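Here's the structure, in structure tokens; my notes come after.
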Amino acid sequence: PDSFLIMTTLWIILFLMGLSGGWLLNLVGLPGNWWNVILILLFWWLFPVTGTLGLGVVITVAVLAALGEILELAASSAGIAKGGSKRGAIFAILGSIIGTLVGGTIGLPIPIVGPIAGIIIFSAVGAMAGAIWGEHSGGQTMEKSMELGKFAFFGRVLGSVAKLVIGSVIVTVAIAALLI
């Protein structure tokens, strides 16, 4: 009986660590919410008698993950809808990736909050810089390039925040289902 309790506790701790890791993957632009959907599905499959964590929870978190992707895509593509080009969008994505790496590194000295804030801010600044560069080098005026860069900045911030909020809801639903 004691070894069963220890193993169950260990699996739950690993599950919670995996959910946290999935949430953090969202920060660097990876599909962390989908990681958590797969993790929840796997946990339910391996431990089908755990709380109320069942097919309904799996479907709920999958719908939430899809909603997070839709919100991120809608927010991030706002610049293109305002007259941006594919070139500007590609450079915005590249700038966002570079900004994510730089922001995460710069934010490291401040535990927990530093990397998160650094990644969100620098990712948005990178998206803005990339969009400006892509649009201006593609023939847009500097004024129009700056305007599209602002849309890329705010779109990236809103998209990241929306995805992180949805990710928080997914983690909360999974933990609640595990405990109830």
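Letters for chains follow the order of the structure tokens (A, B, ...), residue numbers begin at 1 for each chain, and ligand numbers begin at 1 in the order shown.
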
ask   = Could you pull the residues within 10 Å of Leu53 in chain A, counting only C-alpha atoms, minus those fewer than 6 positions along the same chain, as a list in words?
value = Ile40, Leu41, Phe43, Trp44, Trp45, Phe47, Val173, Ala174, Ile175, Ala176, Ala177, Leu178, Leu179 and Ile180 of chain A

For Phe91 in chain A, work out the shell of residues within 10 Å, counting only C-alpha atoms and skipping chain neighbours fewer than 6 positions away, then give it as a JSON list (two decimals) with all heavy atoms, in the first residue's frame.
```json
[["chain", "number", "residue", "atom", "x", "y", "z"],
["A", 85, "SER", "N", 2.70, 43.04, -45.92],
["A", 85, "SER", "CA", 3.03, 42.06, -46.95],
["A", 85, "SER", "C", 3.47, 40.75, -46.31],
["A", 85, "SER", "O", 3.74, 40.68, -45.11],
["A", 85, "SER", "CB", 4.18, 42.61, -47.81],
["A", 85, "SER", "OG", 5.36, 42.72, -47.04],
["A", 97, "ILE", "N", 11.21, 35.52, -33.07],
["A", 97, "ILE", "CA", 12.01, 34.39, -32.59],
["A", 97, "ILE", "C", 13.31, 34.90, -31.97],
["A", 97, "ILE", "O", 13.69, 34.48, -30.87],
["A", 97, "ILE", "CB", 12.30, 33.40, -33.73],
["A", 97, "ILE", "CG1", 10.99, 32.70, -34.15],
["A", 97, "ILE", "CG2", 13.35, 32.37, -33.32],
["A", 97, "ILE", "CD1", 11.08, 31.91, -35.43],
["A", 126, "GLY", "N", 10.93, 42.41, -31.24],
["A", 126, "GLY", "CA", 11.50, 41.72, -32.40],
["A", 126, "GLY", "C", 10.52, 41.64, -33.55],
["A", 126, "GLY", "O", 10.89, 41.83, -34.72],
["A", 127, "ALA", "N", 9.25, 41.35, -33.24],
["A", 127, "ALA", "CA", 8.23, 41.31, -34.29],
["A", 127, "ALA", "C", 8.08, 42.68, -34.94],
["A", 127, "ALA", "O", 7.97, 42.80, -36.16],
["A", 127, "ALA", "CB", 6.90, 40.84, -33.70],
["A", 128, "MET", "N", 8.09, 43.72, -34.12],
["A", 128, "MET", "CA", 7.97, 45.08, -34.64],
["A", 128, "MET", "C", 9.17, 45.42, -35.54],
["A", 128, "MET", "O", 9.00, 45.90, -36.66],
["A", 128, "MET", "CB", 7.88, 46.09, -33.50],
["A", 128, "MET", "CG", 7.76, 47.53, -33.97],
["A", 128, "MET", "SD", 7.51, 48.71, -32.62],
["A", 128, "MET", "CE", 9.13, 48.72, -31.88],
["A", 129, "ALA", "N", 10.37, 45.14, -35.05],
["A", 129, "ALA", "CA", 11.58, 45.45, -35.82],
["A", 129, "ALA", "C", 11.60, 44.66, -37.13],
["A", 129, "ALA", "O", 11.94, 45.21, -38.20],
["A", 129, "ALA", "CB", 12.83, 45.15, -35.00],
["A", 130, "GLY", "N", 11.23, 43.39, -37.04],
["A", 130, "GLY", "CA", 11.20, 42.55, -38.25],
["A", 130, "GLY", "C", 10.18, 43.06, -39.26],
["A", 130, "GLY", "O", 10.46, 43.11, -40.47],
["A", 131, "ALA", "N", 9.01, 43.43, -38.78],
["A", 131, "ALA", "CA", 7.98, 43.94, -39.68],
["A", 131, "ALA", "C", 8.43, 45.25, -40.34],
["A", 131, "ALA", "O", 8.25, 45.44, -41.54],
["A", 131, "ALA", "CB", 6.66, 44.15, -38.93],
["A", 132, "ILE", "N", 9.02, 46.14, -39.55],
["A", 132, "ILE", "CA", 9.50, 47.41, -40.10],
["A", 132, "ILE", "C", 10.56, 47.14, -41.17],
["A", 132, "ILE", "O", 10.50, 47.69, -42.27],
["A", 132, "ILE", "CB", 10.05, 48.32, -38.98],
["A", 132, "ILE", "CG1", 8.90, 48.80, -38.09],
["A", 132, "ILE", "CG2", 10.80, 49.52, -39.57],
["A", 132, "ILE", "CD1", 9.35, 49.48, -36.80],
["A", 133, "TRP", "N", 11.53, 46.30, -40.84],
["A", 133, "TRP", "CA", 12.60, 45.99, -41.79],
["A", 133, "TRP", "C", 12.02, 45.34, -43.05],
["A", 133, "TRP", "O", 12.37, 45.73, -44.17],
["A", 133, "TRP", "CB", 13.63, 45.05, -41.15],
["A", 133, "TRP", "CG", 14.65, 44.58, -42.14],
["A", 133, "TRP", "CD1", 14.65, 43.39, -42.80],
["A", 133, "TRP", "CD2", 15.78, 45.29, -42.60],
["A", 133, "TRP", "NE1", 15.71, 43.32, -43.64],
["A", 133, "TRP", "CE2", 16.44, 44.49, -43.54],
["A", 133, "TRP", "CE3", 16.31, 46.55, -42.31],
["A", 133, "TRP", "CZ2", 17.59, 44.88, -44.19],
["A", 133, "TRP", "CZ3", 17.47, 46.93, -42.96],
["A", 133, "TRP", "CH2", 18.10, 46.11, -43.88],
["A", 134, "GLY", "N", 11.17, 44.34, -42.87],
["A", 134, "GLY", "CA", 10.59, 43.64, -44.02],
["A", 134, "GLY", "C", 9.78, 44.55, -44.92],
["A", 134, "GLY", "O", 9.88, 44.48, -46.14],
["A", 135, "GLU", "N", 8.97, 45.39, -44.32],
["A", 135, "GLU", "CA", 8.13, 46.29, -45.11],
["A", 135, "GLU", "C", 8.95, 47.38, -45.80],
["A", 135, "GLU", "O", 8.77, 47.66, -46.98],
["A", 135, "GLU", "CB", 7.04, 46.92, -44.23],
["A", 135, "GLU", "CG", 6.02, 45.94, -43.70],
["A", 135, "GLU", "CD", 5.19, 45.24, -44.77],
["A", 135, "GLU", "OE1", 5.09, 45.76, -45.90],
["A", 135, "GLU", "OE2", 4.65, 44.17, -44.46]]
```

task = Considering only C-alpha atoms, state which residue in the set A:Gly167, A:Gly104, A:Gly99, A:Gly84 is at the smallest distance from Lys144 in chain A.
result = A:Gly84

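Minimum atom-to-atom distance to Phe122 in chain A, evaluated using only C-alpha atoms, belongs to A:Ile98 out of A:Ile98, A:Ala92, A:Ala62, A:Ile13.
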
Report as CSV: every residue of range 45-134 of chain A with an atom at most 12 Å from range 19-27 of chain A, its closest pair of atoms, and their distance in Å to one decimal, counting only C-alpha atoms, with rows sorted by chain and ascending residue number.
```
residue,atom,partner,partner_atom,distance
A:Ala65,CA,A:Asn26,CA,11.0
A:Gly68,CA,A:Asn26,CA,10.2
A:Glu69,CA,A:Asn26,CA,10.5
A:Glu72,CA,A:Asn26,CA,10.7
A:Ser96,CA,A:Leu27,CA,11.3
A:Ile97,CA,A:Leu27,CA,10.7
A:Gly99,CA,A:Leu27,CA,11.5
A:Thr100,CA,A:Leu27,CA,8.0
A:Leu101,CA,A:Leu27,CA,10.3
A:Gly103,CA,A:Leu27,CA,10.5
A:Gly104,CA,A:Leu27,CA,9.1
A:Ile112,CA,A:Leu24,CA,10.4
A:Val113,CA,A:Leu27,CA,11.8
A:Pro115,CA,A:Leu27,CA,9.0
A:Ile116,CA,A:Leu27,CA,6.8
A:Ala117,CA,A:Leu27,CA,9.4
A:Gly118,CA,A:Leu27,CA,9.9
A:Ile119,CA,A:Leu27,CA,6.6
A:Ile120,CA,A:Leu27,CA,7.2
A:Ile121,CA,A:Leu27,CA,10.8
A:Phe122,CA,A:Leu27,CA,11.3
A:Ser123,CA,A:Leu27,CA,9.3
A:Ala124,CA,A:Leu27,CA,11.7
```

Let me see the file: selected residues, N, CA, C and O atoms, as a short mmCIF file (atom, residue, chain, number, x, y, z; two decimals), in the first residue's frame.
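And here's result.cif as it stands now:
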```cif
data_model
loop_
_atom_site.label_atom_id
_atom_site.label_comp_id
_atom_site.auth_asym_id
_atom_site.auth_seq_id
_atom_site.Cartn_x
_atom_site.Cartn_y
_atom_site.Cartn_z
N ALA A 65 -7.28 24.77 -26.30
CA ALA A 65 -6.02 24.90 -27.03
C ALA A 65 -6.26 25.44 -28.43
O ALA A 65 -5.52 26.30 -28.91
N GLY A 68 -6.95 29.09 -28.16
CA GLY A 68 -5.70 29.81 -27.94
C GLY A 68 -4.95 30.04 -29.24
O GLY A 68 -4.43 31.13 -29.49
N GLU A 69 -4.91 29.02 -30.10
CA GLU A 69 -4.23 29.16 -31.40
C GLU A 69 -4.95 30.18 -32.28
O GLU A 69 -4.31 31.01 -32.94
N GLU A 72 -4.26 33.68 -30.92
CA GLU A 72 -2.88 34.10 -31.22
C GLU A 72 -2.72 34.43 -32.70
O GLU A 72 -2.13 35.44 -33.06
N SER A 96 10.55 38.05 -34.07
CA SER A 96 9.93 37.57 -32.84
C SER A 96 10.72 36.42 -32.23
O SER A 96 10.92 36.36 -31.01
N ILE A 97 11.21 35.52 -33.07
CA ILE A 97 12.01 34.39 -32.59
C ILE A 97 13.31 34.90 -31.97
O ILE A 97 13.69 34.48 -30.87
N GLY A 99 13.87 37.91 -30.80
CA GLY A 99 13.49 38.64 -29.60
C GLY A 99 13.19 37.71 -28.43
O GLY A 99 13.55 38.01 -27.28
N THR A 100 12.56 36.58 -28.71
CA THR A 100 12.27 35.59 -27.67
C THR A 100 13.55 35.09 -27.03
O THR A 100 13.67 35.02 -25.80
N LEU A 101 14.53 34.75 -27.86
CA LEU A 101 15.80 34.23 -27.35
C LEU A 101 16.54 35.30 -26.54
O LEU A 101 17.05 35.02 -25.45
N GLY A 103 15.22 38.08 -25.12
CA GLY A 103 14.45 38.44 -23.92
C GLY A 103 14.55 37.40 -22.83
O GLY A 103 14.67 37.74 -21.64
N GLY A 104 14.52 36.12 -23.20
CA GLY A 104 14.66 35.06 -22.20
C GLY A 104 16.01 35.10 -21.53
O GLY A 104 16.13 34.90 -20.32
N ILE A 112 11.77 33.73 -12.32
CA ILE A 112 10.41 33.50 -12.81
C ILE A 112 9.88 34.66 -13.64
O ILE A 112 9.63 34.52 -14.83
N VAL A 113 9.71 35.82 -13.04
CA VAL A 113 9.10 36.96 -13.74
C VAL A 113 10.00 37.50 -14.85
O VAL A 113 9.52 37.88 -15.91
N PRO A 115 12.35 36.13 -17.02
CA PRO A 115 12.30 35.51 -18.34
C PRO A 115 10.94 35.66 -19.02
O PRO A 115 10.87 35.87 -20.23
N ILE A 116 9.86 35.57 -18.24
CA ILE A 116 8.53 35.69 -18.83
C ILE A 116 8.33 37.08 -19.41
O ILE A 116 7.94 37.24 -20.57
N ALA A 117 8.62 38.10 -18.62
CA ALA A 117 8.48 39.48 -19.10
C ALA A 117 9.44 39.75 -20.25
O ALA A 117 9.06 40.36 -21.26
N GLY A 118 10.68 39.29 -20.11
CA GLY A 118 11.67 39.50 -21.16
C GLY A 118 11.24 38.88 -22.48
O GLY A 118 11.36 39.50 -23.54
N ILE A 119 10.73 37.66 -22.41
CA ILE A 119 10.30 36.98 -23.63
C ILE A 119 9.13 37.71 -24.28
O ILE A 119 9.13 37.94 -25.49
N ILE A 120 8.12 38.07 -23.50
CA ILE A 120 6.95 38.75 -24.08
C ILE A 120 7.35 40.09 -24.68
O ILE A 120 7.00 40.40 -25.82
N ILE A 121 8.11 40.88 -23.93
CA ILE A 121 8.48 42.22 -24.41
C ILE A 121 9.41 42.14 -25.61
O ILE A 121 9.17 42.77 -26.65
N PHE A 122 10.50 41.37 -25.49
CA PHE A 122 11.47 41.32 -26.58
C PHE A 122 10.91 40.60 -27.81
O PHE A 122 11.30 40.92 -28.94
N SER A 123 10.04 39.64 -27.61
CA SER A 123 9.39 38.98 -28.74
C SER A 123 8.56 39.99 -29.53
O SER A 123 8.59 40.01 -30.77
N ALA A 124 7.85 40.85 -28.81
CA ALA A 124 7.04 41.87 -29.46
C ALA A 124 7.91 42.92 -30.14
O ALA A 124 7.63 43.34 -31.28
#
```

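A straight line drawn from CA of Ser76 in chain A to CA of Ser168 in chain A is 19.9 Å long.
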
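Take the candidates A:Leu10, A:Leu30, A:Val125, A:Ala152 and check each one against Ile90 in chain A using only C-alpha atoms; the shortest distance goes to A:Ala152.
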
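Distances here use only C-alpha atoms; by that measure, the residue among A:Ala66, A:Trp35, A:His136, A:Ile12 closest to Lys163 in chain A is A:Ala66.
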
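With distances restricted to only C-alpha atoms, A:Arg156 is the closest residue to Gly95 in chain A from A:Val169, A:Trp11, A:Val61, A:Arg156.
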
query = Gly18 in chain A: which residues within 8 Å, counting only C-alpha atoms, same-chain residues fewer than 4 positions away excluded, as a PyMOL selection string?
reply = chain A and resi 14+22+36+39

task = Check the DSSP output for the backbone and give back, as an MDAnalysis selection string, the residues of range 15-180 of chain A in helix (DSSP H, G or I).
result = chainID A and resid 15:28 32:46 55:76 78:81 86:107 113:137 142:179

ask   = Please, what distance in Å, to one decimal, runs between CA of Asn33 in chain A and CA of Ser77 in chain A?
value = 19.8 Å
